[in-house]
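S.K.: Data: coords08.cif, mmCIF, C-alpha atoms and all ligand atoms.
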```
data_model
#
loop_
_atom_site.group_PDB
_atom_site.id
_atom_site.type_symbol
_atom_site.label_atom_id
_atom_site.label_comp_id
_atom_site.auth_asym_id
_atom_site.auth_seq_id
_atom_site.Cartn_x
_atom_site.Cartn_y
_atom_site.Cartn_z
ATOM 1 C CA MET A 1 -16.188 -21.583 -6.367
ATOM 2 C CA ALA A 2 -12.927 -23.156 -5.299
ATOM 3 C CA LEU A 3 -9.927 -20.907 -5.244
ATOM 4 C CA GLY A 4 -6.576 -21.714 -3.775
ATOM 5 C CA GLY A 5 -4.504 -24.359 -5.499
ATOM 6 C CA ALA A 6 -0.807 -23.838 -5.091
ATOM 7 C CA MET A 7 -0.980 -20.538 -3.238
ATOM 8 C CA THR A 8 1.084 -19.873 -0.185
ATOM 9 C CA GLY A 9 -0.630 -20.524 3.141
ATOM 10 C CA LYS A 10 -2.342 -17.429 4.512
ATOM 11 C CA GLY A 11 -0.669 -15.434 7.197
ATOM 12 C CA GLN A 12 2.327 -17.713 7.576
ATOM 13 C CA PRO A 13 5.205 -15.648 8.874
ATOM 14 C CA ALA A 14 8.185 -15.780 6.580
ATOM 15 C CA PRO A 15 11.454 -16.747 8.227
ATOM 16 C CA GLY A 16 13.716 -13.910 9.229
ATOM 17 C CA GLY A 17 14.101 -11.455 12.071
ATOM 18 C CA ASN A 18 12.741 -7.993 12.675
ATOM 19 C CA GLY A 19 15.568 -6.067 11.103
ATOM 20 C CA SER A 20 15.969 -3.906 8.048
ATOM 21 C CA PRO A 21 14.768 -5.027 4.619
ATOM 22 C CA ALA A 22 16.035 -8.437 3.619
ATOM 23 C CA PHE A 23 17.970 -8.510 0.342
ATOM 24 C CA ARG A 24 18.583 -12.220 0.345
ATOM 25 C CA GLY A 25 16.638 -13.091 -2.803
ATOM 26 C CA ASP A 26 16.390 -16.706 -1.688
ATOM 27 C CA GLY A 27 12.626 -16.775 -1.340
ATOM 28 C CA GLY A 28 12.958 -16.397 2.436
ATOM 29 C CA ALA A 29 12.712 -12.612 2.716
ATOM 30 C CA ARG A 30 11.002 -11.206 5.782
ATOM 31 C CA HIS A 31 8.228 -9.650 3.700
ATOM 32 C CA LEU A 32 7.019 -10.957 0.381
ATOM 33 C CA LEU A 33 6.884 -7.441 -0.993
ATOM 34 C CA GLU A 34 8.449 -4.245 0.244
ATOM 35 C CA ALA A 35 8.174 -0.817 -1.307
ATOM 36 C CA CYS A 36 10.842 1.415 0.207
ATOM 37 C CA GLY A 37 10.835 5.213 -0.096
ATOM 38 C CA ILE A 38 9.007 5.391 -3.428
ATOM 39 C CA SER A 39 8.982 8.885 -4.924
ATOM 40 C CA ARG A 40 7.867 10.085 -8.297
ATOM 41 C CA THR A 41 7.585 13.501 -9.859
ATOM 42 C CA ALA A 42 5.766 14.133 -13.152
ATOM 43 C CA GLY A 43 4.709 17.334 -14.854
ATOM 44 C CA GLY A 44 6.494 19.285 -12.128
ATOM 45 C CA LYS A 45 4.297 17.710 -9.431
ATOM 46 C CA ARG A 46 5.448 15.427 -6.651
ATOM 47 C CA LEU A 47 3.003 12.538 -7.172
ATOM 48 C CA LEU A 48 4.606 10.218 -4.626
ATOM 49 C CA ASP A 49 6.720 11.360 -1.755
ATOM 50 C CA GLY A 50 8.712 8.646 -0.014
ATOM 51 C CA VAL A 51 6.037 5.958 0.238
ATOM 52 C CA SER A 52 6.929 2.744 2.039
ATOM 53 C CA LEU A 53 4.817 -0.321 2.693
ATOM 54 C CA SER A 54 5.208 -4.051 3.023
ATOM 55 C CA LEU A 55 3.093 -7.106 2.419
ATOM 56 C CA ASP A 56 3.574 -10.384 4.211
ATOM 57 C CA ARG A 57 2.742 -13.656 2.537
ATOM 58 C CA GLY A 58 -1.012 -14.129 2.306
ATOM 59 C CA GLU A 59 -1.706 -10.626 3.545
ATOM 60 C CA LEU A 60 -4.264 -8.226 2.084
ATOM 61 C CA LYS A 61 -3.654 -4.549 2.623
ATOM 62 C CA VAL A 62 -6.111 -1.878 1.628
ATOM 63 C CA LEU A 63 -5.191 1.499 0.234
ATOM 64 C CA ILE A 64 -7.793 4.213 0.493
ATOM 65 C CA GLY A 65 -7.908 7.949 0.116
ATOM 66 C CA PRO A 66 -9.200 10.783 -2.025
ATOM 67 C CA SER A 67 -8.980 10.846 -5.788
ATOM 68 C CA GLY A 68 -5.691 12.252 -7.050
ATOM 69 C CA GLY A 69 -3.815 11.179 -3.912
ATOM 70 C CA GLY A 70 -1.419 8.935 -5.833
ATOM 71 C CA LYS A 71 -2.857 5.455 -5.270
ATOM 72 C CA SER A 72 -2.793 4.360 -8.924
ATOM 73 C CA THR A 73 0.632 5.899 -9.429
ATOM 74 C CA LEU A 74 1.898 3.954 -6.430
ATOM 75 C CA LEU A 75 0.621 0.638 -7.815
ATOM 76 C CA GLN A 76 2.236 1.417 -11.165
ATOM 77 C CA CYS A 77 5.527 2.194 -9.449
ATOM 78 C CA ILE A 78 5.375 -1.006 -7.385
ATOM 79 C CA HIS A 79 4.833 -2.907 -10.624
ATOM 80 C CA PHE A 80 7.716 -0.967 -12.182
ATOM 81 C CA LEU A 81 5.395 -0.170 -15.086
ATOM 82 C CA THR A 82 6.375 3.370 -14.207
ATOM 83 C CA PRO A 83 9.713 3.062 -12.430
ATOM 84 C CA PRO A 84 9.903 5.364 -9.408
ATOM 85 C CA ASP A 85 12.417 8.218 -9.457
ATOM 86 C CA GLU A 86 13.587 7.215 -6.011
ATOM 87 C CA GLY A 87 13.147 4.139 -3.885
ATOM 88 C CA ASP A 88 12.982 0.454 -4.581
ATOM 89 C CA VAL A 89 10.648 -2.510 -4.594
ATOM 90 C CA LEU A 90 11.752 -5.844 -3.202
ATOM 91 C CA LEU A 91 9.880 -8.956 -4.194
ATOM 92 C CA ASP A 92 10.896 -11.918 -2.085
ATOM 93 C CA GLY A 93 13.992 -9.920 -1.155
ATOM 94 C CA GLU A 94 15.007 -9.223 -4.765
ATOM 95 C CA SER A 95 15.542 -5.571 -5.626
ATOM 96 C CA ALA A 96 13.724 -4.442 -8.774
ATOM 97 C CA ARG A 97 16.100 -1.493 -8.982
ATOM 98 C CA GLU A 98 19.045 -3.839 -9.423
ATOM 99 C CA MET A 99 17.423 -6.116 -11.963
ATOM 100 C CA SER A 100 18.392 -6.427 -15.604
ATOM 101 C CA ARG A 101 15.763 -5.584 -18.209
ATOM 102 C CA LYS A 102 15.058 -9.295 -18.668
ATOM 103 C CA ASN A 103 14.614 -9.868 -14.959
ATOM 104 C CA ILE A 104 12.310 -6.861 -14.691
ATOM 105 C CA CYS A 105 10.026 -8.628 -17.181
ATOM 106 C CA LEU A 106 10.047 -11.700 -14.936
ATOM 107 C CA PHE A 107 9.462 -9.505 -11.882
ATOM 108 C CA ARG A 108 6.422 -7.908 -13.561
ATOM 109 C CA ARG A 109 5.068 -11.296 -14.466
ATOM 110 C CA GLU A 110 5.038 -12.215 -10.780
ATOM 111 C CA ILE A 111 2.862 -9.218 -9.931
ATOM 112 C CA GLY A 112 -0.697 -9.455 -11.235
ATOM 113 C CA MET A 113 -2.390 -6.115 -11.943
ATOM 114 C CA ILE A 114 -6.153 -5.699 -11.959
ATOM 115 C CA PHE A 115 -7.512 -2.433 -13.287
ATOM 116 C CA GLN A 116 -10.816 -0.668 -12.817
ATOM 117 C CA ASP A 117 -11.625 -0.907 -16.535
ATOM 118 C CA PHE A 118 -10.689 -4.600 -17.009
ATOM 119 C CA ASN A 119 -8.211 -4.116 -19.889
ATOM 120 C CA LEU A 120 -9.548 -7.056 -21.883
ATOM 121 C CA PHE A 121 -9.040 -7.541 -25.611
ATOM 122 C CA ASP A 122 -12.448 -6.899 -27.169
ATOM 123 C CA HIS A 123 -11.722 -9.074 -30.190
ATOM 124 C CA LEU A 124 -10.912 -12.157 -28.107
ATOM 125 C CA SER A 125 -13.222 -14.547 -26.273
ATOM 126 C CA ALA A 126 -12.967 -14.946 -22.497
ATOM 127 C CA ARG A 127 -10.892 -18.095 -23.043
ATOM 128 C CA ASP A 128 -8.546 -16.390 -25.488
ATOM 129 C CA ASN A 129 -8.163 -13.371 -23.220
ATOM 130 C CA VAL A 130 -6.794 -15.728 -20.567
ATOM 131 C CA ALA A 131 -4.890 -17.978 -22.975
ATOM 132 C CA VAL A 132 -3.137 -15.243 -24.938
ATOM 133 C CA ALA A 133 -0.603 -14.400 -22.226
ATOM 134 C CA LEU A 134 -0.066 -18.063 -21.463
ATOM 135 C CA ARG A 135 0.876 -18.601 -25.095
ATOM 136 C CA ARG A 136 2.865 -15.414 -25.717
ATOM 137 C CA VAL A 137 4.511 -14.898 -22.347
ATOM 138 C CA LYS A 138 4.758 -18.400 -20.956
ATOM 139 C CA GLY A 139 5.089 -20.072 -24.360
ATOM 140 C CA LEU A 140 2.455 -22.725 -23.656
ATOM 141 C CA PRO A 141 1.130 -24.656 -26.640
ATOM 142 C CA LYS A 142 -2.474 -23.881 -27.557
ATOM 143 C CA LYS A 143 -3.974 -27.020 -26.001
ATOM 144 C CA LEU A 144 -2.280 -26.497 -22.633
ATOM 145 C CA ALA A 145 -3.070 -22.774 -22.667
ATOM 146 C CA TYR A 146 -6.745 -23.551 -23.259
ATOM 147 C CA GLU A 147 -6.782 -26.133 -20.476
ATOM 148 C CA ARG A 148 -5.251 -23.675 -18.046
ATOM 149 C CA ALA A 149 -7.607 -20.910 -19.211
ATOM 150 C CA ALA A 150 -10.573 -23.230 -18.623
ATOM 151 C CA SER A 151 -9.441 -24.006 -15.105
ATOM 152 C CA GLU A 152 -8.844 -20.324 -14.252
ATOM 153 C CA LEU A 153 -12.245 -19.352 -15.638
ATOM 154 C CA GLU A 154 -13.750 -22.086 -13.500
ATOM 155 C CA ARG A 155 -11.987 -20.672 -10.423
ATOM 156 C CA VAL A 156 -13.769 -17.358 -10.926
ATOM 157 C CA GLY A 157 -17.117 -19.017 -11.626
ATOM 158 C CA LEU A 158 -17.132 -18.501 -15.391
ATOM 159 C CA ALA A 159 -16.654 -22.038 -16.696
ATOM 160 C CA ASP A 160 -19.681 -21.766 -18.968
ATOM 161 C CA LYS A 161 -18.776 -18.330 -20.371
ATOM 162 C CA TRP A 162 -15.477 -19.218 -22.046
ATOM 163 C CA ALA A 163 -16.716 -18.631 -25.604
ATOM 164 C CA LEU A 164 -18.210 -15.187 -24.965
ATOM 165 C CA TYR A 165 -16.570 -11.930 -26.005
ATOM 166 C CA PRO A 166 -16.235 -8.955 -23.634
ATOM 167 C CA ALA A 167 -19.202 -7.210 -25.267
ATOM 168 C CA GLN A 168 -21.348 -10.220 -24.341
ATOM 169 C CA LEU A 169 -20.255 -10.208 -20.687
ATOM 170 C CA SER A 170 -21.455 -8.059 -17.794
ATOM 171 C CA GLY A 171 -18.991 -5.747 -16.062
ATOM 172 C CA GLY A 172 -18.660 -8.172 -13.154
ATOM 173 C CA GLN A 173 -17.977 -11.048 -15.528
ATOM 174 C CA LYS A 174 -15.391 -8.986 -17.423
ATOM 175 C CA GLN A 175 -13.590 -8.197 -14.200
ATOM 176 C CA ARG A 176 -13.633 -11.881 -13.277
ATOM 177 C CA VAL A 177 -12.079 -12.742 -16.661
ATOM 178 C CA SER A 178 -9.352 -10.211 -15.974
ATOM 179 C CA ILE A 179 -8.734 -11.801 -12.566
ATOM 180 C CA ALA A 180 -8.603 -15.249 -14.215
ATOM 181 C CA ARG A 181 -6.064 -13.899 -16.693
ATOM 182 C CA ALA A 182 -3.886 -12.550 -13.895
ATOM 183 C CA LEU A 183 -4.137 -15.804 -11.928
ATOM 184 C CA ALA A 184 -3.051 -17.802 -14.976
ATOM 185 C CA MET A 185 0.366 -16.148 -14.724
ATOM 186 C CA ASP A 186 0.865 -17.593 -11.207
ATOM 187 C CA PRO A 187 1.499 -14.213 -9.582
ATOM 188 C CA LYS A 188 3.088 -14.006 -6.157
ATOM 189 C CA VAL A 189 1.241 -10.775 -5.455
ATOM 190 C CA MET A 190 -1.795 -9.068 -6.916
ATOM 191 C CA LEU A 191 -2.303 -5.314 -7.076
ATOM 192 C CA LEU A 192 -5.939 -4.361 -7.531
ATOM 193 C CA ASP A 193 -6.755 -0.803 -8.510
ATOM 194 C CA GLU A 194 -10.401 -0.105 -7.667
ATOM 195 C CA PRO A 195 -11.543 -3.426 -9.140
ATOM 196 C CA THR A 196 -15.233 -2.716 -8.540
ATOM 197 C CA SER A 197 -15.440 1.030 -9.211
ATOM 198 C CA ALA A 198 -16.682 0.673 -12.773
ATOM 199 C CA LEU A 199 -19.400 -1.830 -11.850
ATOM 200 C CA ASP A 200 -23.109 -1.419 -11.303
ATOM 201 C CA PRO A 201 -23.900 -1.917 -7.605
ATOM 202 C CA GLU A 202 -25.550 -5.304 -8.125
ATOM 203 C CA LEU A 203 -22.408 -6.656 -9.852
ATOM 204 C CA ILE A 204 -19.924 -5.587 -7.204
ATOM 205 C CA GLY A 205 -20.661 -8.543 -4.926
ATOM 206 C CA GLU A 206 -19.613 -11.215 -7.421
ATOM 207 C CA VAL A 207 -16.175 -9.622 -7.852
ATOM 208 C CA LEU A 208 -15.758 -9.072 -4.112
ATOM 209 C CA LYS A 209 -16.573 -12.753 -3.591
ATOM 210 C CA VAL A 210 -13.743 -13.760 -5.915
ATOM 211 C CA ILE A 211 -11.370 -11.438 -4.052
ATOM 212 C CA HIS A 212 -12.575 -12.856 -0.736
ATOM 213 C CA ASP A 213 -11.948 -16.390 -1.986
ATOM 214 C CA LEU A 214 -8.499 -15.425 -3.251
ATOM 215 C CA HIS A 215 -7.692 -14.077 0.188
ATOM 216 C CA ASP A 216 -8.945 -17.286 1.804
ATOM 217 C CA GLY A 217 -6.706 -19.182 -0.619
ATOM 218 C CA GLY A 218 -3.662 -17.266 0.627
ATOM 219 C CA MET A 219 -3.096 -14.780 -2.189
ATOM 220 C CA THR A 220 -1.053 -11.736 -1.201
ATOM 221 C CA MET A 221 -2.832 -8.558 -2.319
ATOM 222 C CA LEU A 222 -2.696 -4.807 -2.201
ATOM 223 C CA MET A 223 -6.088 -3.377 -3.083
ATOM 224 C CA VAL A 224 -7.227 0.151 -3.719
ATOM 225 C CA THR A 225 -10.937 0.184 -2.988
ATOM 226 C CA HIS A 226 -13.766 2.255 -1.652
ATOM 227 C CA GLN A 227 -15.601 -0.872 -0.507
ATOM 228 C CA VAL A 228 -14.668 -0.196 3.089
ATOM 229 C CA GLY A 229 -17.366 -2.404 4.609
ATOM 230 C CA PHE A 230 -15.999 -5.381 2.695
ATOM 231 C CA ALA A 231 -12.333 -4.533 3.133
ATOM 232 C CA LYS A 232 -12.374 -3.931 6.865
ATOM 233 C CA HIS A 233 -13.244 -7.570 7.529
ATOM 234 C CA LEU A 234 -10.347 -8.901 5.443
ATOM 235 C CA THR A 235 -7.458 -6.626 6.231
ATOM 236 C CA ARG A 236 -5.322 -6.030 9.270
ATOM 237 C CA GLU A 237 -4.179 -2.687 7.934
ATOM 238 C CA PHE A 238 -5.665 0.260 6.125
ATOM 239 C CA LEU A 239 -3.258 2.642 4.459
ATOM 240 C CA PHE A 240 -4.685 6.115 3.969
ATOM 241 C CA MET A 241 -3.059 8.026 1.190
ATOM 242 C CA GLU A 242 -3.298 11.656 0.141
ATOM 243 C CA ASP A 243 -0.998 14.142 -1.536
ATOM 244 C CA GLY A 244 1.417 11.366 -2.475
ATOM 245 C CA ARG A 245 1.964 10.140 1.072
ATOM 246 C CA ILE A 246 0.594 7.493 3.362
ATOM 247 C CA THR A 247 -0.609 9.715 6.147
ATOM 248 C CA GLU A 248 -2.337 7.129 8.330
ATOM 249 C CA ARG A 249 -1.948 3.394 8.756
ATOM 250 C CA GLY A 250 -3.462 1.030 11.239
ATOM 251 C CA SER A 251 -6.080 -1.618 11.823
ATOM 252 C CA PRO A 252 -9.624 -0.811 10.672
ATOM 253 C CA GLU A 253 -10.806 -1.062 14.293
ATOM 254 C CA GLU A 254 -8.233 1.472 15.431
ATOM 255 C CA LEU A 255 -8.698 3.928 12.564
ATOM 256 C CA LEU A 256 -12.485 3.683 12.305
ATOM 257 C CA LYS A 257 -13.538 3.552 15.940
ATOM 258 C CA ASP A 258 -15.941 6.221 17.144
ATOM 259 C CA GLY A 259 -14.168 9.361 18.169
ATOM 260 C CA SER A 260 -10.850 8.337 16.614
ATOM 261 C CA GLY A 261 -10.784 11.659 14.773
ATOM 262 C CA THR A 262 -8.745 10.123 11.972
ATOM 263 C CA ARG A 263 -8.806 11.235 8.331
ATOM 264 C CA THR A 264 -9.577 7.600 7.512
ATOM 265 C CA SER A 265 -12.691 7.636 9.665
ATOM 266 C CA ASP A 266 -13.817 10.984 8.271
ATOM 267 C CA PHE A 267 -13.235 9.805 4.679
ATOM 268 C CA CYS A 268 -15.003 6.472 5.253
ATOM 269 C CA SER A 269 -18.057 8.097 6.811
ATOM 270 C CA LYS A 270 -18.355 10.363 3.766
ATOM 271 C CA LEU A 271 -18.049 7.304 1.531
ATOM 272 C CA SER A 272 -20.766 5.455 3.386
ATOM 273 C CA GLU A 273 -23.048 8.482 3.078
ATOM 274 C CA ILE A 274 -22.539 8.349 -0.694
ATOM 275 C CA GLN A 275 -22.827 4.568 -0.866
ATOM 276 C CA GLY A 276 -25.851 4.546 1.450
ATOM 277 C CA GLY A 277 -24.168 2.170 3.874
ATOM 278 C CA PRO A 278 -24.360 2.077 7.678
HETATM 279 N N1 LIG B 301 1.991 11.400 -16.009
HETATM 280 C C1 LIG B 301 1.495 12.323 -15.188
HETATM 281 N N2 LIG B 301 1.910 13.607 -15.275
HETATM 282 C C2 LIG B 301 1.428 14.530 -14.427
HETATM 283 N N3 LIG B 301 0.533 14.279 -13.467
HETATM 284 C C3 LIG B 301 0.084 13.037 -13.354
HETATM 285 C C4 LIG B 301 0.544 11.972 -14.176
HETATM 286 N N4 LIG B 301 -0.087 10.826 -13.804
HETATM 287 C C5 LIG B 301 -0.898 11.154 -12.769
HETATM 288 N N5 LIG B 301 -0.791 12.472 -12.505
HETATM 289 C C6 LIG B 301 -1.460 13.203 -11.420
HETATM 290 O O1 LIG B 301 -1.026 12.573 -10.242
HETATM 291 C C7 LIG B 301 -1.976 12.657 -9.221
HETATM 292 C C8 LIG B 301 -2.191 11.279 -8.636
HETATM 293 O O2 LIG B 301 -2.917 10.510 -9.556
HETATM 294 P P1 LIG B 301 -3.383 9.022 -9.258
HETATM 295 O O3 LIG B 301 -2.200 8.205 -8.906
HETATM 296 O O4 LIG B 301 -4.177 8.597 -10.444
HETATM 297 O O5 LIG B 301 -4.311 9.208 -7.985
HETATM 298 P P2 LIG B 301 -5.461 8.273 -7.403
HETATM 299 O O6 LIG B 301 -5.318 6.912 -8.009
HETATM 300 O O7 LIG B 301 -5.226 8.302 -5.919
HETATM 301 O O8 LIG B 301 -6.754 8.922 -7.775
HETATM 302 C C9 LIG B 301 -3.199 13.282 -9.859
HETATM 303 O O9 LIG B 301 -3.199 14.655 -9.523
HETATM 304 C C10 LIG B 301 -2.953 13.103 -11.347
HETATM 305 O O10 LIG B 301 -3.578 14.109 -12.088
HETATM 306 MG MG MG B 302 -6.642 5.770 -9.134
#
```
Please re-express this file's structure in structure tokens.
Ligand SMILES: Nc1ncnc2c1ncn2[C@@H]1O[C@H](COP(=O)(O)OP(=O)(O)O)[C@@H](O)[C@H]1O
Ligand SMILES: [Mg+2]
M.R.:
Amino acid sequence: MALGGAMTGKGQPAPGGNGSPAFRGDGGARHLLEACGISRTAGGKRLLDGVSLSLDRGELKVLIGPSGGGKSTLLQCIHFLTPPDEGDVLLDGESAREMSRKNICLFRREIGMIFQDFNLFDHLSARDNVAVALRRVKGLPKKLAYERAASELERVGLADKWALYPAQLSGGQKQRVSIARALAMDPKVMLLDEPTSALDPELIGEVLKVIHDLHDGGMTMLMVTHQVGFAKHLTREFLFMEDGRITERGSPEELLKDGSGTRTSDFCSKLSEIQGGP
């Protein structure tokens, strides 16, 4: 499976100094993505309380924490699907808060979202699920959209499954179609919200392999996952989130080492008990 193509080189530091957030919008921002002081209240509850994080080009960060802690809400706010009440998101130095409605649509297009439950159209084949956005959003003619869909399906190892409908695909294959669909939009960043949580254990590996290959290809990603054993080898930073805040952040080695006494370590050992891991 060959992933990569035109992605940015992994881990290359973007130009710029160590100062405050860059607002240059010239593609040379210090971080590729910055979420600054994101807060959101809904139904009288503070779901997010001043959350900040950044992603460098080619970086994968992992968000973990108990259910209800605000992880999905945070991804939705970063995507501006649900605009935050306070705070801002900068993509390549461009402030989403300051964008016109039209530019927000372009901003969203540059952020690929992968959901736990795939979000595929049941009445469309794998190829059409990928091609539909290329035609409607990017305005590609059918032939070009199909060619691009074929190459994205090949990237996720599904070249021979293009004619199948979601009901004919396994959960792992459906998730790979949804990743192919996101990749077809040439995202700068991908936000993955528990991409393997809805999968049978034997299907998790095939999706993790695609994510691993994307990382090797230089894709910038923020992933909510409980696959700690997988994630700790790919990320330099775990973000532990509960009650709408990031309460711990650090390298997996630092947060998970014996005797660290961190919430992250406590949470991960409970997870591995449930998952039957080491
Ligand atoms: N629109 C909403 N109105 C009120 N509460 C909400 C809304 N959306 C999510 N919540 C609540 O916000 C909290 C955080 O949810 P979520 O972001 O889904 O957490 P996680 O992804 O970490 O499990 C939960 O308590 C959830 O019930
Ligand atoms: Mg969630």
S.K.: Please report, as a tab-separated table, each residue of chain A lying at most 6 Å from ligand LIG 301 (chain B), together with the nearest pair of atoms and the separation in Å rounded to one decimal; use all atoms listed in the file, and order rows by chain and ascending residue number.
M.R.:
```
residue	atom	partner	partner_atom	distance
A:Ala42	CA	B:LIG301	N2	4.4
A:Gly43	CA	B:LIG301	C2	4.3
A:Leu47	CA	B:LIG301	O1	5.1
A:Ser67	CA	B:LIG301	O8	3.6
A:Gly68	CA	B:LIG301	O5	3.5
A:Gly69	CA	B:LIG301	O7	3.8
A:Gly70	CA	B:LIG301	O3	3.3
A:Lys71	CA	B:LIG301	O7	3.8
A:Ser72	CA	B:LIG301	O6	3.7
A:Thr73	CA	B:LIG301	O3	3.7
```
S.K.: Report as a ChimeraX atom specification the full result of the PyMOL selection byres (((chain A and resi 233-238) around 12) and not hetatm) when it is applied to this structure.
M.R.: /A:10-11,53-56,58-65,208-209,211-216,218,220-232,239-241,246-256,262-265,268
S.K.: Would you kindly return, as a PyMOL selection string, each protein, DNA or RNA residue with an atom no farther than 12 Å from any atom of Ala145 of chain A, considering all atoms listed in the file and excluding same-chain residues fewer than 5 positions away?
M.R.: chain A and resi 127-140+150-152+181+184-185
S.K.: Of the candidates A:Asp122, A:Asp258, A:Asp49, A:Asp92, which shows the shortest atom-to-atom distance to Ala167 of chain A, using all atoms listed in the file?
M.R.: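 Among A:Asp122, A:Asp258, A:Asp49, A:Asp92, it is A:Asp122 that comes nearest to Ala167 of chain A.
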S.K.: Counting all atoms listed in the file, which of A:Met113, A:Val156, A:Cys77, A:Leu90 gets nearest to Ala29 of chain A?
M.R.: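 Ranking A:Met113, A:Val156, A:Cys77, A:Leu90 by distance to Ala29 of chain A, first place goes to A:Leu90.
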S.K.: Can you work out the spacing between atom CA of Leu32 of chain A and atom CA of Leu91 of chain A in Å, to one decimal?
M.R.: 5.8 Å
S.K.: Taking the file as shown, what set of residues would the PyMOL selection byres (((chain A and resi 89) around 9) and not hetatm) give back, as a ChimeraX atom specification?
M.R.: /A:33-38,77-80,87-88,90-91,93-97
S.K.: Using only C-alpha atoms and all ligand atoms, can you tell me which of A:Glu110, A:Asp193, A:Glu154, A:Glu86 comes closest to ligand MG 302 (chain B)?
M.R.: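 Smallest separation from ligand MG 302 (chain B) among the options: A:Asp193.
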S.K.: Using only C-alpha atoms, which of the listed residues (A:Ile111, A:Leu81, A:Leu153, A:Leu120) sits closest to Val189 of chain A?
M.R.: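 Of all the options, A:Ile111 lies closest to Val189 of chain A.
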S.K.: With a distance cut-off of 9 Å and only C-alpha atoms, select the neighbouring residues of Glu206 of chain A, excluding the residue or stretch itself and same-chain residues fewer than 4 positions from it, and output the selection as number ranges by chain.
M.R.: A: 172-173, 176, 202, 210-211
S.K.: Counting all atoms listed in the file, which residue out of A:Trp162, A:Phe121, A:Phe115, A:Tyr146 sits closest to ligand MG 302 (chain B)?
M.R.: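 Among the listed residues, the smallest separation from ligand MG 302 (chain B) belongs to A:Phe115.
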S.K.: Taking all listed atoms of segment 77-91 of chain A, build the axis-aligned box, pad each of the six sides by 6 Å, then write its centre and edge lengths in Å to one decimal as AutoDock Vina command-line options.
M.R.:
```
--center_x 9.2 --center_y -0.4 --center_z -9.1 --size_x 20.8 --size_y 29.2 --size_z 23.9
```
S.K.: May I ask which of the residues A:Met219, A:Ile114, A:Val177, A:Val51 is the closest one to ligand MG 302 (chain B), counting all atoms listed in the file?
M.R.: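 Ranking A:Met219, A:Ile114, A:Val177, A:Val51 by distance to ligand MG 302 (chain B), first place goes to A:Ile114.
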S.K.: What separation in Å, quoted to one decimal, exists between atom CA of Glu98 of chain A and atom CA of Thr82 of chain A?
M.R.: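 Separation between atom CA of Glu98 of chain A and atom CA of Thr82 of chain A: 15.3 Å.
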S.K.: Which value, in Å to one decimal, gives the distance between atom CA of Ser170 of chain A and atom CA of Pro201 of chain A?
M.R.: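 We find that atom CA of Ser170 of chain A and atom CA of Pro201 of chain A lie 12.1 Å from each other.
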